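Q: Quick one, target.csv (CSV, C-alpha atoms):
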chain,number,residue,atom,x,y,z
A,1,MET,CA,29.7,25.1,57.8
A,2,GLN,CA,32.4,23.1,59.6
A,3,SER,CA,31.9,19.3,59.6
A,4,TYR,CA,33.1,17.6,62.8
A,5,LEU,CA,34.4,14.1,63.2
A,6,ASP,CA,33.3,11.9,66.1
A,7,PHE,CA,36.4,12.4,68.2
A,8,GLU,CA,36.2,16.2,67.7
A,9,LYS,CA,33.1,16.5,69.9
A,10,PRO,CA,34.7,18.6,72.7
A,11,VAL,CA,35.7,21.2,70.0
A,12,ALA,CA,32.3,21.0,68.4
A,13,ASP,CA,30.6,21.7,71.8
A,14,LEU,CA,32.8,24.7,72.5
A,15,GLU,CA,32.4,26.2,69.0
A,16,GLY,CA,28.7,25.5,69.2
A,17,LYS,CA,28.5,27.7,72.4
A,18,ILE,CA,30.5,30.4,70.6
A,19,ALA,CA,27.9,30.4,67.8
A,20,GLU,CA,25.1,30.6,70.2
A,21,LEU,CA,26.7,33.6,71.9
A,22,LYS,CA,27.2,35.4,68.6
A,23,ALA,CA,23.6,34.7,67.6
A,24,MET,CA,22.4,36.1,71.0
A,25,ALA,CA,24.6,39.2,70.5
A,26,ALA,CA,23.2,39.7,67.0
A,27,THR,CA,19.7,40.1,68.4
A,28,ASP,CA,20.7,42.1,71.5
A,29,GLN,CA,23.4,44.7,70.9
A,30,ALA,CA,23.5,45.5,74.6
A,31,VAL,CA,25.0,42.1,75.4
A,32,SER,CA,28.8,42.0,75.6
A,33,ILE,CA,30.2,38.6,74.6
A,34,ASP,CA,33.8,39.4,73.6
A,35,GLU,CA,35.4,38.2,76.8
A,36,GLU,CA,33.4,34.9,76.9
A,37,VAL,CA,34.0,34.3,73.2
A,38,ASN,CA,37.7,34.8,73.5
A,39,ARG,CA,37.8,32.4,76.5
A,40,LEU,CA,35.8,29.7,74.7
A,41,SER,CA,37.9,30.2,71.5
A,42,SER,CA,41.1,29.7,73.5
A,43,ARG,CA,39.7,26.5,75.1
A,44,ALA,CA,38.6,25.2,71.6
A,45,ASP,CA,42.1,25.8,70.2
A,46,GLU,CA,43.7,24.1,73.1
A,47,ALA,CA,41.3,21.1,72.8
A,48,LEU,CA,42.0,20.9,69.1
A,49,VAL,CA,45.8,20.8,69.7
A,50,GLU,CA,45.5,18.1,72.3
A,51,ILE,CA,43.2,16.0,70.2
A,52,TYR,CA,45.5,16.2,67.1
A,53,LYS,CA,48.6,15.5,69.1
A,54,LYS,CA,47.5,11.9,69.8
A,55,LEU,CA,45.4,10.8,66.8
A,56,THR,CA,45.1,7.0,66.4
A,57,PRO,CA,45.7,5.4,62.9
A,58,TRP,CA,41.9,5.1,62.6
A,59,GLN,CA,41.3,8.7,63.5
A,60,LYS,CA,43.9,9.7,60.9
A,61,THR,CA,42.0,7.6,58.4
A,62,GLN,CA,38.9,9.7,59.2
A,63,VAL,CA,40.8,12.9,58.8
A,64,ALA,CA,42.3,11.8,55.5
A,65,ARG,CA,38.8,11.2,54.2
A,66,HIS,CA,37.3,14.4,55.6
A,67,PRO,CA,34.9,15.9,52.9
A,68,GLN,CA,36.3,19.4,53.5
A,69,ARG,CA,39.9,18.4,53.0
A,70,PRO,CA,41.6,20.1,50.0
A,71,HIS,CA,41.2,18.0,46.8
A,72,PHE,CA,43.2,17.9,43.6
A,73,SER,CA,41.3,20.8,42.0
A,74,ASP,CA,42.1,23.0,45.1
A,75,TYR,CA,45.9,22.3,44.8
A,76,VAL,CA,45.9,23.0,41.0
A,77,GLY,CA,43.9,26.2,41.5
A,78,LYS,CA,46.3,27.5,44.1
A,79,LEU,CA,49.7,26.2,42.9
A,80,ILE,CA,49.5,25.9,39.2
A,81,THR,CA,49.1,28.7,36.6
A,82,GLU,CA,48.1,28.3,33.0
A,83,TRP,CA,46.5,24.9,33.9
A,84,THR,CA,45.6,23.1,30.7
A,85,PRO,CA,43.8,19.8,31.3
A,86,LEU,CA,44.0,17.1,28.6
A,87,ALA,CA,41.2,14.6,28.2
A,88,GLY,CA,40.9,11.0,26.9
A,89,ASP,CA,43.2,8.0,26.6
A,90,ARG,CA,42.9,7.9,22.7
A,91,LYS,CA,41.5,4.4,23.1
A,92,TYR,CA,38.1,4.4,24.8
A,93,ARG,CA,36.9,7.5,26.6
A,94,GLU,CA,37.7,10.3,29.1
A,95,ASP,CA,37.9,9.3,32.8
A,96,ALA,CA,37.1,12.2,35.1
A,97,ALA,CA,38.4,10.4,38.2
A,98,LEU,CA,42.0,10.9,37.1
A,99,GLN,CA,42.9,14.4,36.0
A,100,ALA,CA,45.9,15.2,33.8
A,101,GLY,CA,47.4,18.1,32.0
A,102,PHE,CA,50.1,20.7,31.9
A,103,GLY,CA,50.7,24.0,33.6
A,104,ARG,CA,53.3,26.2,35.3
A,105,PHE,CA,54.6,26.0,38.8
A,106,ASN,CA,56.4,29.1,39.9
A,107,GLY,CA,56.8,29.8,36.2
A,108,GLN,CA,58.3,26.4,35.3
A,109,SER,CA,56.5,24.1,33.0
A,110,VAL,CA,55.2,20.9,34.7
A,111,ALA,CA,53.0,18.0,33.9
A,112,ILE,CA,50.3,17.2,36.5
A,113,LEU,CA,48.4,14.0,37.4
A,114,GLY,CA,46.0,13.6,40.2
A,115,GLN,CA,42.8,11.9,41.4
A,116,GLU,CA,39.8,14.2,42.0
A,117,LYS,CA,37.2,12.9,44.5
A,118,GLY,CA,34.8,15.8,44.1
A,119,SER,CA,33.4,18.0,46.8
A,120,SER,CA,29.6,17.8,46.3
A,121,THR,CA,27.2,15.0,45.4
A,122,GLU,CA,27.2,16.1,41.7
A,123,THR,CA,31.0,16.3,41.4
A,124,ARG,CA,31.6,13.1,43.4
A,125,LEU,CA,29.4,11.2,40.9
A,126,LYS,CA,31.1,13.0,38.0
A,127,HIS,CA,34.6,12.0,39.3
A,128,ASN,CA,33.5,8.6,40.5
A,129,PHE,CA,34.8,9.4,44.0
A,130,GLY,CA,38.3,9.5,42.7
A,131,MET,CA,38.3,5.8,41.6
A,132,ALA,CA,39.8,5.7,38.2
A,133,SER,CA,39.0,3.2,35.4
A,134,PRO,CA,41.6,1.8,32.9
A,135,GLU,CA,41.2,4.7,30.6
A,136,GLY,CA,42.3,7.0,33.4
A,137,TYR,CA,45.6,5.2,33.8
A,138,ARG,CA,46.1,5.1,30.0
A,139,LYS,CA,45.5,8.8,29.9
A,140,ALA,CA,48.2,9.1,32.7
A,141,VAL,CA,50.6,7.1,30.5
A,142,ARG,CA,49.9,9.4,27.6
A,143,ILE,CA,50.7,12.5,29.6
A,144,MET,CA,53.8,10.9,31.1
A,145,ASP,CA,55.0,10.1,27.5
A,146,MET,CA,54.5,13.8,26.5
A,147,ALA,CA,56.3,15.0,29.7
A,148,ASP,CA,59.2,12.7,29.0
A,149,ARG,CA,59.4,13.7,25.3
A,150,PHE,CA,59.6,17.4,26.1
A,151,ASN,CA,61.7,17.1,29.3
A,152,ILE,CA,59.0,18.4,31.6
A,153,PRO,CA,59.0,17.4,35.4
A,154,LEU,CA,55.9,15.5,36.7
A,155,ILE,CA,53.9,16.2,39.8
A,156,SER,CA,51.3,13.7,41.0
A,157,PHE,CA,48.6,14.3,43.7
A,158,VAL,CA,47.4,11.0,45.1
A,159,ASP,CA,43.9,10.8,46.7
A,160,THR,CA,41.9,7.7,46.0
A,161,ALA,CA,40.4,4.8,47.9
A,162,GLY,CA,41.6,2.6,45.0
A,163,ALA,CA,41.1,1.9,41.3
A,164,TYR,CA,37.5,1.4,40.3
A,165,PRO,CA,36.6,-2.3,40.8
A,166,GLY,CA,33.6,-2.5,38.5
A,167,ILE,CA,33.0,-5.2,36.0
A,168,GLY,CA,33.4,-2.9,33.0
A,169,ALA,CA,36.8,-1.7,34.3
A,170,GLU,CA,38.0,-5.3,34.8
A,171,GLU,CA,36.8,-6.2,31.3
A,172,ARG,CA,38.8,-3.3,29.8
A,173,GLY,CA,42.0,-4.4,31.5
A,174,GLN,CA,42.2,-2.5,34.8
A,175,ALA,CA,45.2,-4.5,36.2
A,176,GLU,CA,47.1,-4.1,32.9
A,177,ALA,CA,46.5,-0.4,32.8
A,178,ILE,CA,47.7,0.0,36.4
A,179,ALA,CA,50.8,-2.0,35.6
A,180,ARG,CA,51.6,0.0,32.5
A,181,SER,CA,51.2,3.3,34.4
A,182,THR,CA,53.5,2.0,37.1
A,183,GLU,CA,56.0,0.9,34.6
A,184,LYS,CA,55.9,4.3,32.8
A,185,CYS,CA,56.6,6.0,36.1
A,186,LEU,CA,59.8,3.9,36.5
A,187,GLU,CA,60.9,4.6,32.9
A,188,LEU,CA,60.7,8.4,33.1
A,189,GLY,CA,63.9,10.3,32.4
A,190,VAL,CA,62.4,13.4,34.0
A,191,PRO,CA,62.1,13.9,37.7
A,192,ASN,CA,58.7,13.2,39.3
A,193,ILE,CA,57.3,13.8,42.7
A,194,ALA,CA,54.1,12.2,44.2
A,195,ILE,CA,52.2,13.7,47.2
A,196,VAL,CA,49.6,11.7,49.0
A,197,ILE,CA,47.1,14.4,50.0
A,198,GLY,CA,44.4,12.2,51.4
A,199,GLU,CA,44.0,8.5,50.8
A,200,GLY,CA,46.6,6.5,48.9
A,201,GLY,CA,44.7,3.3,48.2
A,202,SER,CA,46.3,0.2,46.7
A,203,GLY,CA,47.4,0.0,43.0
A,204,GLY,CA,45.1,2.8,42.2
A,205,ALA,CA,47.5,5.1,44.1
A,206,ILE,CA,50.8,3.4,43.2
A,207,ALA,CA,50.1,3.7,39.5
A,208,ILE,CA,51.0,7.4,39.6
A,209,ALA,CA,53.1,7.4,42.8
A,210,VAL,CA,56.3,5.6,41.8
A,211,ALA,CA,58.4,8.8,42.0
A,212,ASN,CA,61.8,10.1,42.8
A,213,ARG,CA,60.3,11.7,45.9
A,214,VAL,CA,57.2,10.5,47.6
A,215,LEU,CA,55.7,12.8,50.3
A,216,MET,CA,52.6,12.5,52.5
A,217,LEU,CA,50.6,15.1,54.3
A,218,GLU,CA,50.8,14.5,58.0
A,219,ASN,CA,47.3,13.1,58.4
A,220,ALA,CA,47.2,11.2,55.1
A,221,ILE,CA,47.1,7.4,54.8
A,222,TYR,CA,48.8,5.1,52.3
A,223,SER,CA,48.0,1.4,52.2
A,224,VAL,CA,47.5,-1.7,50.1
A,225,ILE,CA,43.9,-2.0,51.1
A,226,SER,CA,41.4,0.0,53.1
A,227,PRO,CA,41.1,-0.8,56.9
A,228,GLU,CA,37.4,-1.8,56.4
A,229,ALA,CA,38.2,-4.2,53.5
A,230,GLY,CA,41.2,-5.6,55.3
A,231,ALA,CA,39.2,-6.3,58.4
A,232,SER,CA,36.5,-8.0,56.4
A,233,ILE,CA,39.1,-10.3,54.8
A,234,LEU,CA,41.2,-11.1,57.9
A,235,PHE,CA,38.8,-10.8,60.7
A,236,ARG,CA,35.5,-11.5,58.8
A,237,ASP,CA,34.3,-8.3,60.5
A,238,ALA,CA,34.4,-4.8,59.0
A,239,ALA,CA,33.7,-3.4,62.4
A,240,LYS,CA,37.3,-4.2,63.4
A,241,ALA,CA,38.6,-1.6,60.9
A,242,GLN,CA,40.1,0.4,63.8
A,243,ASP,CA,42.3,-2.6,64.8
A,244,MET,CA,43.2,-3.2,61.1
A,245,ALA,CA,44.2,0.4,60.7
A,246,THR,CA,46.7,0.1,63.6
A,247,ALA,CA,48.1,-3.2,62.3
A,248,GLN,CA,48.5,-2.0,58.7
A,249,LYS,CA,50.9,0.8,59.7
A,250,ILE,CA,49.3,3.2,57.2
A,251,THR,CA,50.2,6.5,58.7
A,252,ALA,CA,52.8,8.9,57.3
A,253,GLN,CA,54.9,8.5,60.4
A,254,ASP,CA,55.0,4.7,60.1
A,255,LEU,CA,55.8,4.7,56.4
A,256,LEU,CA,58.5,7.3,56.8
A,257,GLY,CA,60.1,5.0,59.4
A,258,PHE,CA,59.9,2.0,56.9
A,259,GLY,CA,61.5,4.1,54.1
A,260,VAL,CA,58.3,3.8,51.9
A,261,ILE,CA,58.0,7.6,51.7
A,262,ASP,CA,60.7,10.3,51.7
A,263,GLY,CA,59.1,13.0,53.9
A,264,ILE,CA,56.0,14.4,55.6
A,265,ILE,CA,54.3,17.7,54.9
A,266,PRO,CA,53.1,18.9,58.4
A,267,GLU,CA,49.5,19.9,58.9
A,268,PRO,CA,48.4,22.5,61.5
A,269,ALA,CA,46.4,21.3,64.5
A,270,GLY,CA,42.9,20.6,63.2
A,271,GLY,CA,44.0,19.1,59.9
A,272,ALA,CA,44.3,20.3,56.4
A,273,HIS,CA,40.5,20.7,56.1
A,274,ARG,CA,40.7,23.6,58.5
A,275,HIS,CA,43.8,25.2,57.1
A,276,HIS,CA,43.7,25.2,53.3
A,277,GLU,CA,46.1,28.2,52.8
A,278,ALA,CA,48.7,26.9,55.2
A,279,ILE,CA,48.7,23.5,53.5
A,280,MET,CA,49.1,25.1,50.1
A,281,ASP,CA,52.1,27.1,51.3
A,282,SER,CA,53.7,24.0,52.8
A,283,THR,CA,53.1,22.0,49.6
A,284,ARG,CA,54.4,24.7,47.4
A,285,GLY,CA,57.6,24.8,49.4
A,286,ALA,CA,58.0,21.0,49.2
A,287,ILE,CA,57.5,21.0,45.4
A,288,ALA,CA,59.9,23.9,44.9
A,289,LYS,CA,62.6,22.2,47.0
A,290,PHE,CA,62.2,19.0,45.0
A,291,LEU,CA,62.5,20.8,41.6
A,292,ALA,CA,65.6,22.6,42.9
A,293,ASP,CA,67.2,19.4,44.2
A,294,PHE,CA,66.7,17.6,40.8
A,295,GLU,CA,67.6,20.6,38.6
A,296,GLY,CA,70.4,19.7,36.2
A,297,ARG,CA,70.3,15.9,36.8
A,298,GLY,CA,70.7,13.8,33.7
A,299,ARG,CA,68.0,11.5,32.4
A,300,LEU,CA,69.9,8.3,33.3
A,301,GLU,CA,70.8,9.6,36.8
A,302,THR,CA,67.1,10.5,37.5
A,303,ARG,CA,65.9,7.1,36.3
A,304,GLU,CA,68.5,5.3,38.3
A,305,HIS,CA,67.7,7.3,41.4
A,306,ARG,CA,64.1,6.3,41.3
A,307,ARG,CA,64.9,2.7,40.6
A,308,GLU,CA,67.4,2.4,43.4
A,309,LYS,CA,65.0,4.1,45.8
A,310,PHE,CA,62.3,1.6,45.3
A,311,LEU,CA,64.6,-1.4,45.3
A,312,ALA,CA,65.9,-0.3,48.7
A,313,ILE,CA,62.4,-0.3,50.3
A,314,GLY,CA,62.3,-3.1,52.9
A,315,SER,CA,66.0,-3.9,52.6
A,316,ALA,CA,66.8,-2.5,56.1
A,317,LEU,CA,63.9,-4.1,58.0
Output the file's structure in the form of C-alpha cells.
A:
Amino acid sequence: MQSYLDFEKPVADLEGKIAELKAMAATDQAVSIDEEVNRLSSRADEALVEIYKKLTPWQKTQVARHPQRPHFSDYVGKLITEWTPLAGDRKYREDAALQAGFGRFNGQSVAILGQEKGSSTETRLKHNFGMASPEGYRKAVRIMDMADRFNIPLISFVDTAGAYPGIGAEERGQAEAIARSTEKCLELGVPNIAIVIGEGGSGGAIAIAVANRVLMLENAIYSVISPEAGASILFRDAAKAQDMATAQKITAQDLLGFGVIDGIIPEPAGGAHRHHEAIMDSTRGAIAKFLADFEGRGRLETREHRREKFLAIGSAL
C-alpha cells in the first residue's frame, strides 16, 4: 500500500477515487470505469509532477526519510551479484546498522559499505534504524583495509540519521571510530564512490563518504545535523525544523552548487519510493561511469585526487 506524505494529499485524493472506482467495478461488471480511471490517473500524474517540481528543503527531508524509499539491501539485491557480507569488527561485536562485504558489479569485484535502516519494525530494530555504533565503523575500516590490499574499488551507500549516540557507543569510542573510518577513506589507494541514497547525517555519514566521487539522489539530504536537532539548539524550538532545513542548505542542489558533492542522480516525479527500478538503473549507470573514469589510475593519483577534492571544498565561496 502506498504511503503518502502530507503535501501529497491532492495525489492521495485522486488515487483514492481511482481505488473506489475499481472496487465498484469489481462488484458490478456492468459498470464501465476505464474512461474515468484514465482521466483521474492523468490528473494524478500531473499533480505529482507539479508537486515534485517545487519541493521545499523540508519536503525533500520528508521524501528522503520515506519508509518505502529503497534501502541499502535493495541496492545490493539489484546491483550486486555474488554478495558476500562480512560480520564483526574483530574487537567487540557485529553491528547490523552498517553492512559491509564484497561482491561483483557488472562482473567486476567491488567492496561494499552501507547503512541499512530496515523496512519493518523487526528489521528497523535489528539494524538500529541505520545508526551505527563504533564497531560498525571499525568493521568498515577492516573492509577498507582488505579492499586496499587486494586493489578492489569501494562503493558506499549512505543512509543514516547519524551515528548512534547511546552511552555504550560513547564509552566504546564512537568519535574515535568515526575519525579512524574517515581517515581510512582518505588513505585508500583504490577508487571509492559514495552515494547518499536517503539521509546523510553528520559524522555517521561522512565516515564512509570521503570518496573520489560523492553523489546524491535528487531528493536526498546531507547535513551536519538534522533539521529538528538544529532547530532545538538554535531556536530552542524543534517545531522550527522547516526553517532550519532551508537555512542549512541540505539539498542535493545546494550542495552541488557549493562543491560538496560531485553530481546528482535524478529521481522521477514522485520520488525514488515510487520508482525503484528507475532509480536502480540510474544508480547502476552512475557507478559504471565512475569505475570507467578511474580505471587505470595509479594508487598515488587516486589518493591525491581525493585529497585535493576535499581540500578544495569551500575555497571558492
Q: For a quick check of understanding, using all atoms listed in the file, which of A:Leu21, A:Ala272, A:Val158, A:Ala179 has the smallest distance to Ser223 in chain A?
A: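 Between A:Leu21, A:Ala272, A:Val158, A:Ala179, the residue approaching Ser223 in chain A most closely is A:Val158.
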Q: Record the distance separating CA of Leu113 in chain A and CA of Gln99 in chain A, expressed in Å with one decimal.
A: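 Those two atoms sit 5.7 Å apart.
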Q: Pick out the closest residue to Gly200 in chain A from this set: A:Gly136, A:Pro165, A:Gly259, A:Gly130. Count only C-alpha atoms.
A: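 Among the listed residues, the smallest separation from Gly200 in chain A belongs to A:Gly130.
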Q: Please build the interface table for range 35-137 of chain A against range 277-288 of chain A with a cut-off of 9 Å, listing for each qualifying residue the nearest atom pair and the distance in Å to one decimal; count all atoms listed in the file, order rows by chain and increasing number, and write it as a Markdown table.
A:
| residue | atom | partner | partner_atom | distance |
| --- | --- | --- | --- | --- |
| A:Pro70 | CA | A:Ile279 | CA | 8.6 |
| A:Asp74 | CA | A:Met280 | CA | 8.9 |
| A:Tyr75 | CA | A:Met280 | CA | 6.8 |
| A:Lys78 | CA | A:Met280 | CA | 7.0 |
| A:Leu79 | CA | A:Arg284 | CA | 6.7 |
| A:Phe105 | CA | A:Ala288 | CA | 8.3 |
| A:Asn106 | CA | A:Ala288 | CA | 8.0 |
Q: With all atoms listed in the file as the atoms that count, which of A:Ala111, A:Leu14, A:Leu217, A:Leu188 lies nearest to Pro268 in chain A?
A: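 Using all atoms listed in the file, the shortest distance to Pro268 in chain A belongs to A:Leu217.
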Q: My list of candidates is A:Asn128, A:Ser156, A:Thr56, A:Thr302. Which is closest to Leu215 in chain A when distances are computed with all atoms listed in the file?
A: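 Looking only at the distances to Leu215 in chain A, the closest residue turns out to be A:Ser156.
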Q: At what distance in Å, to one decimal, does CA of Gly198 in chain A lie from CA of Lys60 in chain A?
A: 9.8 Å
Q: Given the choices A:Gly77, A:Ile178, A:Gly270, A:Ile195, which gets closest to Ala44 in chain A if the distance is worked out from all atoms listed in the file?
A: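 Distance minimum relative to Ala44 in chain A lands on A:Gly270.
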Q: How many Å separate CA of His305 in chain A from CA of Asn212 in chain A?
A: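 Computed distance, CA of His305 in chain A to CA of Asn212 in chain A, equals 6.7 Å.
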Q: Out of A:Asn192, A:Gln115, A:Ser315, A:Ser226, which residue has the shortest atom-to-atom distance to Arg303 in chain A when counting only C-alpha atoms?
A: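 That would be A:Asn192, the residue with the smallest distance to Arg303 in chain A.
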Q: Show which residues sit within 7 Å of Met244 in chain A, as a list in words. Count all atoms listed in the file, and ignore same-chain residues fewer than 4 positions away.
A: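 Contacts, in chain order: Pro227, Gly230, Ala231, Lys240 and Gln248 of chain A.
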